[in-house]
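Engineer: Would you mind keeping the following structure in view while I ask a few things?
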Amino acid sequence: MARLTLLLSHARRHHHRLRPLQVPLSSPSETSPVPSFFFSRSLSSSSSSSSISPVSYPVKPKDPDEEESPDASNGAPSPPSPPPRLPRAESQVPDGGSRPWTRADARFVKDGPTISPVSYQARVAPLPEYRAPEPEETKGDDGQLQREARRIQSGARARSFFDLQEEPKIPFPTLIVPERKSQKVPMDLMEAIRQVKANAKRKFVETMEAHVNLGVDPRRGDQMVRGALTLPHGTGKTVRVAVFADKAAADEARAAGADIVGGEELIEEIKNGGGKLKFDKCIATPTFMPRLSKIARILGPRGLMPNPKLGSVTSDVSGAVKEAKSGRVDFKIDKTAIVHVGLGKVNFKEEFLLENIGAFVNALLIAKPVGLKKTSKYVGYVKNFTLCSTMGPGYPVSIQSLSAAADHYNKLQVK
């Protein structure tokens, strides 16, 4: 109880210290929500006779735009008044602040200001500059070329303006069929000789060459084709002949017209000469064959090694030298079963070339392998026969004309 009495006394003492506060009101009927402790103690207890004087504010003057114009009293139509000004956006914010209106605020206000939608100017691509049409050019190739040039330039400007790029046109993959050259029809031997002579147009005298494709297997030893013959009218070349002989055989070779004759000294010269040879044909006696083994690696790859099957190893040295000088020809099949041989010069007469070719065909038939048996001499053995010059085109020859040339040569040999 004592504590309660002490608390009330302190509260009364503190309340007396506050000075009375007069709060202005807008009108006698309106009251302000000011807390009661702001009033004097006399307002709540003993000083009820004292009154609070009201506060009045001056009347707000009217807007001059709202006043009636003098023309309206005379009955004249007044000009349309401008739309009423909307209050500032800061004063219309519902929470009483000074920030601008937002769309979220406008959604919850009944008579708020109208917010016009935002519109942007439409973007239009600039049009290309106008160019007056040029006068028509004169008709002809020049006018057509100029029109084509203008068309290409206009297309290039359009592509550069719209940033367009031409896509590369990739052709659809197709199989390209190789063009096969038409094969020449085999012709008569005399006609082929005339064609070869007519197409030999080089600055030097070309050689008449024969290329024969044989139907044999060069890998088999029993089907090897090789031989030698003496052309009736020679090869047209100057042949240098070397003879390996001594004593009487050497003197006989010199008398027959051999260019080089020697024995051991000739072998040593070839061995130490660095591969340089000064002859085209080589003939040896049987007694010198074992000694030629020292230079076999030099003569063999060049086709100069003496061979008994070709008649270059013989005791009749003078006869061998005369044959080599008169036009002896050696032939041998290569790895592709083809025989290549020269049969004279293109400046020979046609009859001379015909006889030389007949002699070669006869020697080719003689060298036919025994194991290759067919119904005819040529069927299965001679596949095709081609004549050409050193640097000219080739002409195929018929088998019938070759057989006739070989028979004609045999008749001449019998006579």
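Here, A, B, ... name the chains of the structure tokens in the order displayed, residue numbers run from 1 inside each chain, and ligands are numbered from 1 in the same displayed order.
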If we count only C-alpha atoms and set the cut-off at 10 Å, which residues sit around Pro128 of chain A, ignoring sequence neighbours fewer than 2 positions away in its own chain? Please answer as a CSV table (one decimal) with C-alpha atoms, in the first residue's frame.
Structural biologist:
chain,number,residue,atom,x,y,z
A,125,ALA,CA,14.8,0.2,-93.3
A,126,PRO,CA,16.2,2.9,-95.6
A,130,TYR,CA,16.6,6.2,-106.7
A,131,ARG,CA,18.5,6.2,-109.9
A,157,ARG,CA,24.7,-4.0,-104.1
A,158,ALA,CA,21.6,-5.8,-102.9
A,161,PHE,CA,23.0,-4.1,-98.3
Engineer: May I ask which of the residues A:Ala242, A:Leu353, A:Met1, A:Val55 is the closest one to Leu266 of chain A, counting only C-alpha atoms?
Structural biologist: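 Among the listed residues, A:Ala242 lies closest to Leu266 of chain A.
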Engineer: To one decimal place, how far is atom CA of Met305 of chain A from atom CA of Phe385 of chain A in Å?
Structural biologist: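 For atom CA of Met305 of chain A relative to atom CA of Phe385 of chain A, the distance reads 28.3 Å.
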Engineer: Could you check which of A:Ser182, A:Ser53, A:Thr230, A:Thr235 is closest to Val321 of chain A, using only C-alpha atoms?
Structural biologist: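 Of A:Ser182, A:Ser53, A:Thr230, A:Thr235, the one nearest Val321 of chain A is A:Thr230, counting only C-alpha atoms.
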Engineer: I'd like to know which of A:Val196, A:Ile298, A:Pro171, A:Leu364 is closest to Lys332 of chain A, using only C-alpha atoms.
Structural biologist: A:Leu364
Engineer: Would you please extract all strand (DSSP E or B) residues from segment 240-302 of chain A, as assigned by DSSP on the backbone, and give them as an NGL selection string?
Structural biologist: :A and (241-244 or 260-262 or 281-284)
Engineer: Show which residues sit within 8 Å of Val205 of chain A, as a ChimeraX atom specification. Count only C-alpha atoms, and ignore same-chain residues fewer than 5 positions away.
Structural biologist: /A:345-347
Engineer: Ranking A:Gln400, A:Ser315, A:Thr390, A:Thr5 by minimum distance to Lys201 of chain A and counting only C-alpha atoms, which one comes first?
Structural biologist: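 Residue with the minimum atom-to-atom distance to Lys201 of chain A: A:Thr390.
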Engineer: From the list A:Val243, A:Ile270, A:Leu175, A:Val313, which residue is nearest Ala255 of chain A when using only C-alpha atoms?
Structural biologist: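 Between A:Val243, A:Ile270, A:Leu175, A:Val313, the residue approaching Ala255 of chain A most closely is A:Val243.
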Engineer: According to DSSP computed on the backbone, where in segment 213-320 of chain A is there alpha helix (DSSP H)? Give the residues as a list of chain:residue names.
Structural biologist: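 The alpha helix (DSSP H) residues within segment 213-320 of chain A come out as A:Ala248, A:Ala249, A:Ala250, A:Asp251, A:Glu252, A:Ala253, A:Arg254, A:Ala255, A:Ala256, A:Glu264, A:Glu265, A:Leu266, A:Ile267, A:Glu268, A:Glu269, A:Ile270, A:Lys271, A:Ala296, A:Arg297, A:Ile298, A:Leu299, A:Val317, A:Ser318, A:Gly319, A:Ala320.
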Engineer: Would you mind exporting the chosen residues as a CSV table (one decimal), in the first residue's frame, restricted to C-alpha atoms?
Structural biologist:
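Generated file (result35.csv):
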chain,number,residue,atom,x,y,z
A,248,ALA,CA,95.4,-66.1,-136.8
A,249,ALA,CA,91.7,-65.3,-135.7
A,250,ALA,CA,92.7,-61.7,-135.0
A,251,ASP,CA,94.2,-61.3,-138.4
A,252,GLU,CA,91.1,-62.8,-140.0
A,253,ALA,CA,88.9,-60.4,-138.1
A,254,ARG,CA,90.9,-57.4,-139.2
A,255,ALA,CA,90.7,-58.5,-142.8
A,256,ALA,CA,86.9,-58.9,-142.5
A,264,GLU,CA,93.9,-59.7,-122.8
A,265,GLU,CA,94.8,-56.1,-123.3
A,266,LEU,CA,91.3,-55.3,-124.6
A,267,ILE,CA,89.7,-57.0,-121.6
A,268,GLU,CA,91.8,-55.0,-119.2
A,269,GLU,CA,91.0,-51.8,-121.1
A,270,ILE,CA,87.3,-52.4,-120.8
A,271,LYS,CA,87.6,-53.4,-117.1
A,296,ALA,CA,80.6,-59.9,-117.7
A,297,ARG,CA,79.0,-57.4,-115.3
A,298,ILE,CA,79.9,-54.6,-117.8
A,299,LEU,CA,78.8,-56.3,-121.1
A,317,VAL,CA,85.2,-64.8,-137.2
A,318,SER,CA,85.2,-63.3,-140.7
A,319,GLY,CA,81.7,-64.5,-141.4
A,320,ALA,CA,80.3,-63.2,-138.1
Engineer: Write out as a VMD selection string which residues come within 10 Å of Ala198 of chain A when counting only C-alpha atoms, dropping same-chain ones fewer than 4 positions away.
Structural biologist: chain A and resid 192 to 194 346 392
Engineer: Store the residues of this selection in a file with all heavy atoms, as a PDB file, in the first residue's frame.
Structural biologist:
ATOM      1  N   ALA A 192      50.419 -49.608-143.831  1.00  0.00           N
ATOM      2  CA  ALA A 192      51.031 -49.173-142.570  1.00  0.00           C
ATOM      3  C   ALA A 192      52.410 -48.562-142.819  1.00  0.00           C
ATOM      4  O   ALA A 192      52.797 -47.563-142.187  1.00  0.00           O
ATOM      5  CB  ALA A 192      51.126 -50.351-141.599  1.00  0.00           C
ATOM      6  N   ILE A 193      53.175 -49.146-143.722  1.00  0.00           N
ATOM      7  CA  ILE A 193      54.499 -48.591-144.045  1.00  0.00           C
ATOM      8  C   ILE A 193      54.357 -47.186-144.620  1.00  0.00           C
ATOM      9  O   ILE A 193      55.123 -46.266-144.278  1.00  0.00           O
ATOM     10  CB  ILE A 193      55.242 -49.536-145.023  1.00  0.00           C
ATOM     11  CG1 ILE A 193      55.583 -50.854-144.329  1.00  0.00           C
ATOM     12  CG2 ILE A 193      56.511 -48.867-145.543  1.00  0.00           C
ATOM     13  CD1 ILE A 193      56.179 -51.895-145.268  1.00  0.00           C
ATOM     14  N   ARG A 194      53.379 -46.999-145.507  1.00  0.00           N
ATOM     15  CA  ARG A 194      53.166 -45.657-146.075  1.00  0.00           C
ATOM     16  C   ARG A 194      52.775 -44.647-144.998  1.00  0.00           C
ATOM     17  O   ARG A 194      53.242 -43.487-145.022  1.00  0.00           O
ATOM     18  CB  ARG A 194      52.090 -45.730-147.151  1.00  0.00           C
ATOM     19  CG  ARG A 194      52.479 -46.549-148.370  1.00  0.00           C
ATOM     20  CD  ARG A 194      51.493 -46.327-149.494  1.00  0.00           C
ATOM     21  NE  ARG A 194      51.758 -47.189-150.642  1.00  0.00           N
ATOM     22  CZ  ARG A 194      51.093 -48.330-150.879  1.00  0.00           C
ATOM     23  NH1 ARG A 194      50.103 -48.711-150.078  1.00  0.00           N
ATOM     24  NH2 ARG A 194      51.401 -49.060-151.946  1.00  0.00           N
ATOM     25  N   VAL A 346      63.355 -44.860-142.154  1.00  0.00           N
ATOM     26  CA  VAL A 346      62.135 -44.457-142.861  1.00  0.00           C
ATOM     27  C   VAL A 346      62.436 -43.946-144.269  1.00  0.00           C
ATOM     28  O   VAL A 346      61.516 -43.837-145.097  1.00  0.00           O
ATOM     29  CB  VAL A 346      61.376 -43.371-142.051  1.00  0.00           C
ATOM     30  CG1 VAL A 346      60.838 -43.946-140.750  1.00  0.00           C
ATOM     31  CG2 VAL A 346      62.272 -42.171-141.787  1.00  0.00           C
ATOM     32  N   GLY A 392      56.978 -41.304-133.818  1.00  0.00           N
ATOM     33  CA  GLY A 392      55.707 -41.164-134.512  1.00  0.00           C
ATOM     34  C   GLY A 392      54.646 -42.086-133.931  1.00  0.00           C
ATOM     35  O   GLY A 392      54.921 -42.929-133.074  1.00  0.00           O
TER      36      GLY A 392
END
Engineer: Identify which of the residues A:Phe244, A:Tyr120, A:Tyr378, A:Phe279 lies closest to Gly262 of chain A, counting only C-alpha atoms when measuring atom-to-atom distances.
Structural biologist: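 Nearest to Gly262 of chain A: A:Phe244.
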Engineer: How far is it from atom CA of Pro396 of chain A to atom CA of Asn384 of chain A, in Å with one decimal?
Structural biologist: 7.1 Å
Engineer: With a distance cut-off of 9 Å and only C-alpha atoms, select the neighbouring residues of Met391 of chain A, excluding the residue or stretch itself and same-chain residues fewer than 5 positions from it, and output the selection as a CSV table (one decimal) with C-alpha atoms, in the first residue's frame.
Structural biologist:
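Result written to result-v4.csv:
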chain,number,residue,atom,x,y,z
A,200,ALA,CA,57.9,-39.2,-139.7
A,201,LYS,CA,58.5,-35.4,-139.6
A,202,ARG,CA,61.4,-35.0,-137.2
A,206,GLU,CA,63.9,-41.9,-137.8
A,207,THR,CA,64.0,-45.7,-137.5
Engineer: Using Å and a single decimal, report how far atom CA of Val241 of chain A sits from atom CA of Gly342 of chain A.
Structural biologist: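 Computing it gives 18.1 Å between the two atoms.
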